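Enquirer: My structure is stored as start-v4.cif, with mmCIF, C-alpha atoms.
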data_model
loop_
_atom_site.label_atom_id
_atom_site.label_comp_id
_atom_site.auth_asym_id
_atom_site.auth_seq_id
_atom_site.Cartn_x
_atom_site.Cartn_y
_atom_site.Cartn_z
CA MET A 1 -139.23 61.42 -6.78
CA LYS A 2 -141.99 62.31 -9.28
CA LYS A 3 -143.22 59.83 -11.91
CA GLN A 4 -141.99 62.18 -14.64
CA GLU A 5 -138.49 62.13 -13.12
CA ILE A 6 -138.53 58.31 -13.04
CA LYS A 7 -139.47 58.13 -16.71
CA GLN A 8 -136.54 60.42 -17.54
CA ASP A 9 -134.02 58.33 -15.59
CA PRO A 10 -131.37 57.48 -18.27
CA ILE A 11 -130.05 54.43 -16.40
CA ARG A 12 -133.53 52.95 -16.04
CA ASP A 13 -134.25 53.66 -19.71
CA TYR A 14 -131.00 51.92 -20.70
CA ILE A 15 -131.86 48.81 -18.66
CA VAL A 16 -135.40 48.66 -20.00
CA ASN A 17 -134.29 49.15 -23.59
CA ALA A 18 -131.61 46.49 -23.24
CA TYR A 19 -134.13 44.05 -21.77
CA ASN A 20 -136.61 44.73 -24.55
CA TYR A 21 -133.89 44.32 -27.19
CA PHE A 22 -132.80 40.91 -25.92
CA ALA A 23 -136.43 39.86 -25.41
CA ASP A 24 -137.06 40.59 -29.08
CA ASN A 25 -133.76 39.02 -30.17
CA LYS A 26 -133.41 35.90 -28.02
CA SER A 27 -131.02 34.23 -30.44
CA ILE A 28 -128.48 37.02 -29.89
CA LEU A 29 -128.88 36.69 -26.12
CA TYR A 30 -128.36 32.93 -26.19
CA THR A 31 -125.37 33.29 -28.50
CA SER A 32 -123.79 35.94 -26.26
CA VAL A 33 -124.32 33.88 -23.11
CA GLY A 34 -122.98 30.80 -24.87
CA CYS A 35 -119.85 32.63 -26.02
CA VAL A 36 -119.16 34.00 -22.55
CA ALA A 37 -119.71 30.58 -20.98
CA GLY A 38 -117.47 28.97 -23.60
CA LEU A 39 -114.66 31.46 -23.08
CA LEU A 40 -114.94 31.06 -19.32
CA PHE A 41 -114.72 27.28 -19.65
CA ILE A 42 -111.65 27.52 -21.89
CA PHE A 43 -109.96 29.93 -19.47
CA ILE A 44 -110.62 27.67 -16.48
CA PHE A 45 -109.46 24.59 -18.41
CA ILE A 46 -106.21 26.21 -19.54
CA ASN A 47 -105.55 27.68 -16.08
CA ASN A 48 -106.07 24.31 -14.39
CA ASN A 49 -103.79 22.55 -16.88
CA THR A 50 -101.12 25.22 -16.44
CA SER A 51 -101.26 24.88 -12.65
CA LYS A 52 -101.02 21.08 -12.83
CA LYS A 53 -98.12 21.32 -15.30
CA LEU A 54 -96.28 23.77 -13.05
CA MET A 55 -96.75 21.60 -9.95
CA LYS A 56 -95.55 18.50 -11.80
CA SER A 57 -92.58 20.41 -13.25
CA ASN A 58 -91.53 21.72 -9.84
CA ALA A 59 -91.78 18.25 -8.32
CA VAL A 60 -89.59 16.61 -10.98
CA SER A 61 -87.11 19.51 -10.97
CA SER A 62 -86.78 19.44 -7.17
CA SER A 63 -86.27 15.69 -7.24
CA ALA A 64 -83.55 16.00 -9.88
CA GLN A 65 -81.71 18.73 -7.99
CA ASN A 66 -81.87 16.80 -4.72
CA PHE A 67 -80.39 13.74 -6.39
CA TYR A 68 -77.63 15.93 -7.83
CA ILE A 69 -76.84 17.52 -4.45
CA ASP A 70 -76.71 14.04 -2.87
CA SER A 71 -74.25 12.93 -5.60
CA GLU A 72 -76.81 10.51 -7.03
CA PHE A 73 -75.77 11.63 -10.51
CA GLU A 74 -77.36 8.80 -12.50
CA LEU A 75 -80.74 9.34 -10.86
CA ALA A 76 -80.38 13.09 -11.29
CA ASP A 77 -79.51 12.68 -14.96
CA THR A 78 -82.60 10.52 -15.49
CA LYS A 79 -84.82 13.22 -14.02
CA PHE A 80 -83.12 15.98 -16.01
CA GLU A 81 -83.60 13.99 -19.19
CA GLU A 82 -87.26 13.57 -18.29
CA LEU A 83 -87.60 17.35 -17.99
CA LEU A 84 -85.80 18.00 -21.26
CA ASN A 85 -87.84 15.52 -23.27
CA GLY A 86 -91.24 15.79 -21.60
CA ASN A 87 -94.09 18.26 -21.36
CA TYR A 88 -92.87 20.49 -18.55
CA SER A 89 -92.64 24.22 -17.80
CA GLN A 90 -89.96 26.20 -19.63
CA GLU A 91 -88.24 27.31 -16.42
CA SER A 92 -87.89 23.69 -15.25
CA ILE A 93 -86.43 22.82 -18.63
CA ASN A 94 -84.05 25.79 -18.30
CA GLN A 95 -82.82 24.47 -14.95
CA ALA A 96 -82.25 21.05 -16.47
CA ILE A 97 -80.26 22.62 -19.32
CA ILE A 98 -78.04 24.46 -16.85
CA TYR A 99 -77.35 21.34 -14.79
CA LYS A 100 -76.62 19.22 -17.88
CA MET A 101 -74.29 21.83 -19.36
CA LYS A 102 -72.49 22.36 -16.04
CA ASP A 103 -71.99 18.62 -15.71
CA ALA A 104 -70.62 18.43 -19.26
CA LEU A 105 -68.31 21.36 -18.55
CA ASP A 106 -66.98 19.74 -15.36
CA ASN A 107 -66.21 16.59 -17.36
CA ASN A 108 -64.45 18.54 -20.14
CA GLU A 109 -67.14 17.60 -22.64
CA ASP A 110 -68.38 19.65 -25.59
CA ILE A 111 -71.45 21.63 -24.56
CA ASN A 112 -72.23 23.01 -28.02
CA ALA A 113 -74.45 20.04 -28.86
CA LEU A 114 -76.48 20.61 -25.71
CA SER A 115 -76.89 24.34 -26.31
CA LYS A 116 -78.08 23.67 -29.85
CA GLN A 117 -80.36 20.76 -29.00
CA TYR A 118 -82.09 22.41 -26.07
CA LYS A 119 -83.01 26.06 -26.42
CA PHE A 120 -82.58 28.10 -23.27
CA LYS A 121 -85.19 30.85 -23.02
CA SER A 122 -85.87 32.31 -19.60
CA SER A 123 -87.52 35.37 -18.09
CA ASP A 124 -85.51 34.71 -14.91
CA SER A 125 -82.51 37.04 -14.98
CA PHE A 126 -80.63 35.00 -12.39
CA LEU A 127 -80.96 31.74 -14.36
CA THR A 128 -79.85 33.61 -17.47
CA SER A 129 -76.74 34.79 -15.61
CA LEU A 130 -75.86 31.22 -14.62
CA TYR A 131 -76.36 30.05 -18.20
CA ASN A 132 -74.02 32.74 -19.53
CA ILE A 133 -71.39 31.88 -16.92
CA ILE A 134 -71.29 28.30 -18.18
CA LEU A 135 -70.88 29.48 -21.76
CA GLY A 136 -68.21 31.92 -20.61
CA ASP A 137 -66.30 29.18 -18.77
CA TYR A 138 -66.55 26.87 -21.77
CA ASN A 139 -65.09 29.47 -24.13
CA TYR A 140 -62.44 30.41 -21.55
CA ASN A 141 -61.34 26.78 -21.31
CA ASN A 142 -61.09 26.61 -25.09
CA ALA A 143 -59.12 29.87 -25.33
CA ASN A 144 -61.96 31.65 -27.13
CA TYR A 145 -61.34 34.70 -24.98
CA SER A 146 -63.35 37.21 -26.96
CA ASP A 147 -66.47 35.03 -26.74
CA ALA A 148 -65.76 34.32 -23.07
CA VAL A 149 -65.69 38.06 -22.34
CA ASN A 150 -69.05 38.56 -24.05
CA TYR A 151 -70.71 35.82 -22.01
CA TYR A 152 -69.13 36.91 -18.72
CA LYS A 153 -70.30 40.49 -19.28
CA LYS A 154 -73.85 39.23 -19.91
CA SER A 155 -73.72 37.13 -16.76
CA LEU A 156 -72.66 40.11 -14.62
CA TYR A 157 -75.78 42.14 -15.33
CA LEU A 158 -76.98 41.38 -11.79
CA PHE A 159 -73.59 41.63 -10.09
CA ASP A 160 -74.58 44.53 -7.84
CA GLU A 161 -77.58 42.51 -6.59
CA HIS A 162 -75.76 39.17 -6.18
CA PRO A 163 -72.04 39.96 -5.76
CA ASP A 164 -71.29 36.85 -3.69
CA VAL A 165 -72.84 34.50 -6.24
CA LEU A 166 -71.29 36.23 -9.24
CA ILE A 167 -67.85 37.07 -7.84
CA ASP A 168 -66.36 34.05 -9.64
CA ALA A 169 -67.66 35.36 -12.96
CA LYS A 170 -66.17 38.78 -12.18
CA ILE A 171 -62.81 37.19 -11.39
CA SER A 172 -62.99 35.15 -14.59
CA LEU A 173 -63.74 38.26 -16.64
CA ILE A 174 -60.75 40.11 -15.14
CA ASP A 175 -58.52 37.08 -15.72
CA THR A 176 -59.70 36.84 -19.33
CA TYR A 177 -58.84 40.48 -19.96
CA LEU A 178 -55.37 39.83 -18.56
CA LEU A 179 -54.92 36.85 -20.87
CA MET A 180 -55.88 39.16 -23.72
CA GLU A 181 -53.32 41.66 -22.37
CA ASP A 182 -56.02 44.29 -21.99
CA ILE A 183 -54.82 45.75 -18.68
CA SER A 184 -57.00 48.86 -18.80
CA LYS A 185 -60.24 46.89 -19.01
CA ALA A 186 -59.04 44.53 -16.28
CA LYS A 187 -58.38 47.53 -13.99
CA LYS A 188 -61.81 48.95 -14.81
CA GLU A 189 -63.47 45.72 -13.70
CA ILE A 190 -61.36 45.60 -10.54
CA ASP A 191 -62.37 49.16 -9.65
CA SER A 192 -66.05 48.30 -10.17
CA VAL A 193 -66.07 45.80 -7.28
CA ASP A 194 -67.31 47.11 -3.94
CA GLU A 195 -65.46 44.86 -1.52
CA GLU A 196 -67.58 46.03 1.39
CA ALA A 197 -70.62 44.46 -0.31
CA LEU A 198 -68.94 41.04 -0.35
CA SER A 199 -69.24 38.40 2.33
CA ILE A 200 -66.10 37.43 4.25
CA GLN A 201 -65.65 34.31 2.14
CA SER A 202 -66.10 36.14 -1.18
CA SER A 203 -63.89 39.00 -0.04
CA THR A 204 -61.11 36.58 0.92
CA LYS A 205 -61.37 34.85 -2.45
CA TYR A 206 -61.28 38.17 -4.30
CA LYS A 207 -58.32 39.52 -2.34
CA SER A 208 -56.44 36.27 -2.93
CA PHE A 209 -57.05 36.66 -6.66
CA LEU A 210 -55.85 40.27 -6.62
CA THR A 211 -52.68 39.19 -4.83
CA SER A 212 -52.04 36.52 -7.47
CA ILE A 213 -52.24 39.07 -10.30
CA SER A 214 -50.51 41.96 -8.54
CA SER A 215 -47.29 41.58 -10.53
CA THR A 216 -49.23 41.54 -13.81
CA MET A 217 -51.13 44.72 -12.96
CA LYS A 218 -47.96 46.79 -12.40
#
Using the file provided, produce a representation of the structure as structure tokens.
Expert:
Amino acid sequence: MKKQEIKQDPIRDYIVNAYNYFADNKSILYTSVGCVAGLLFIFIFINNNTSKKLMKSNAVSSSAQNFYIDSEFELADTKFEELLNGNYSQESINQAIIYKMKDALDNNEDINALSKQYKFKSSDSFLTSLYNIILGDYNYNNANYSDAVNYYKKSLYLFDEHPDVLIDAKISLIDTYLLMEDISKAKKEIDSVDEEALSIQSSTKYKSFLTSISSTMK
């Protein structure tokens, strides 16, 4: 390559000009480097804190759920309360809300106070379905059938992906329509169920339900 060609190299000229600019304006260079270093430090600090918070949240949440599964309800409740009132990840708090509301529902307690005190906000569609099922069941038990239908319909957004988990919600929705004497909507929900996609256990449960309502559907 000839010397003249080197001098006309645009990339080389850019690098040289940039070097000369920062050499003549060192304060700008130091400020730029300082800003980049500062932003990098903040990013690393926040990322580390987020990771630690997530690990701690998962540990407490797992402990609470294990206690609940083992019927150690007092210990489970203590852990759930810790999640609800501490500095933990939102998804761990959401899980605690679901467990607390389900426990209140099973004991025929009012869950409105819980739903107002602790705000459920999740990006997990499956958790959101479970939350809406609880609200649907609560309104069903209190004969608020219109509200129950709304919550059940929200919970069934993922029915095609998780039919075995959500078959109870589907049954509850059909039953609610029947209580509202809306036979056409009940039939529509019945027709939407692909029984071949259900497990043996879920299929047996669903067929048993259909048998129990057969006289009503005529």
Enquirer: Just so the selection is clear, what residues does the PyMOL selection byres ((chain A and resi 115) around 12) cover here, as a list in words?
Expert: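 Output of the PyMOL selection byres ((chain A and resi 115) around 12): Asn94, Ala96, Ile97, Ile98, Tyr99, Lys100, Met101, Lys102, Ala104, Leu105, Asp110, Ile111, Asn112, Ala113, Leu114, Lys116, Gln117, Tyr118, Lys119, Phe120, Lys121, Tyr131, Asn132, Ile134, Leu135 and Tyr138 of chain A.
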Enquirer: So the first atom is CA of Lys153 in chain A and the second is CA of Ser125 in chain A; what is the distance between them in Å, to one decimal place?
Expert: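 Going from CA of Lys153 in chain A over to CA of Ser125 in chain A, I get 13.4 Å.
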Enquirer: For the structure shown, which residues end up in the PyMOL selection byres ((chain A and resi 187) around 12)? Put them as a list in words, please?
Expert: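 Selection result, ordered by chain and number: Lys170, Ile171, Leu173, Ile174, Asp175, Tyr177, Leu178, Glu181, Asp182, Ile183, Ser184, Lys185, Ala186, Lys188, Glu189, Ile190, Asp191, Ser192, Val193, Leu210, Ile213, Ser214, Thr216, Met217 and Lys218 of chain A.
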Enquirer: Calculate how many Å separate CA of Ser129 in chain A from CA of Phe73 in chain A, rounding to one decimal.
Expert: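 Calculated distance between CA of Ser129 in chain A and CA of Phe73 in chain A is 23.7 Å.
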Enquirer: Residues near Tyr157 in chain A, anyone? I mean within 12 Å using all atoms listed in the file, not counting same-chain ones fewer than 4 positions away, as number ranges by chain.
Expert: A: 125-130, 132-133, 150-153, 161-163, 166, 169-170
Enquirer: Report, in Å with one decimal, the straight-line distance from CA of Ser172 in chain A to CA of Leu158 in chain A.
Expert: 15.6 Å
Enquirer: Tell me which of A:Val149, A:Phe80, A:Leu156, A:Ser199 sits closest to Gly136 in chain A, counting only C-alpha atoms.
Expert: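 Between A:Val149, A:Phe80, A:Leu156, A:Ser199, the residue approaching Gly136 in chain A most closely is A:Val149.
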Enquirer: Using all atoms listed in the file, pick whichever of A:Asp147, A:Asp160, A:Asp77, A:Asp70 has the shortest atom-to-atom distance to Asp103 in chain A.
Expert: A:Asp77
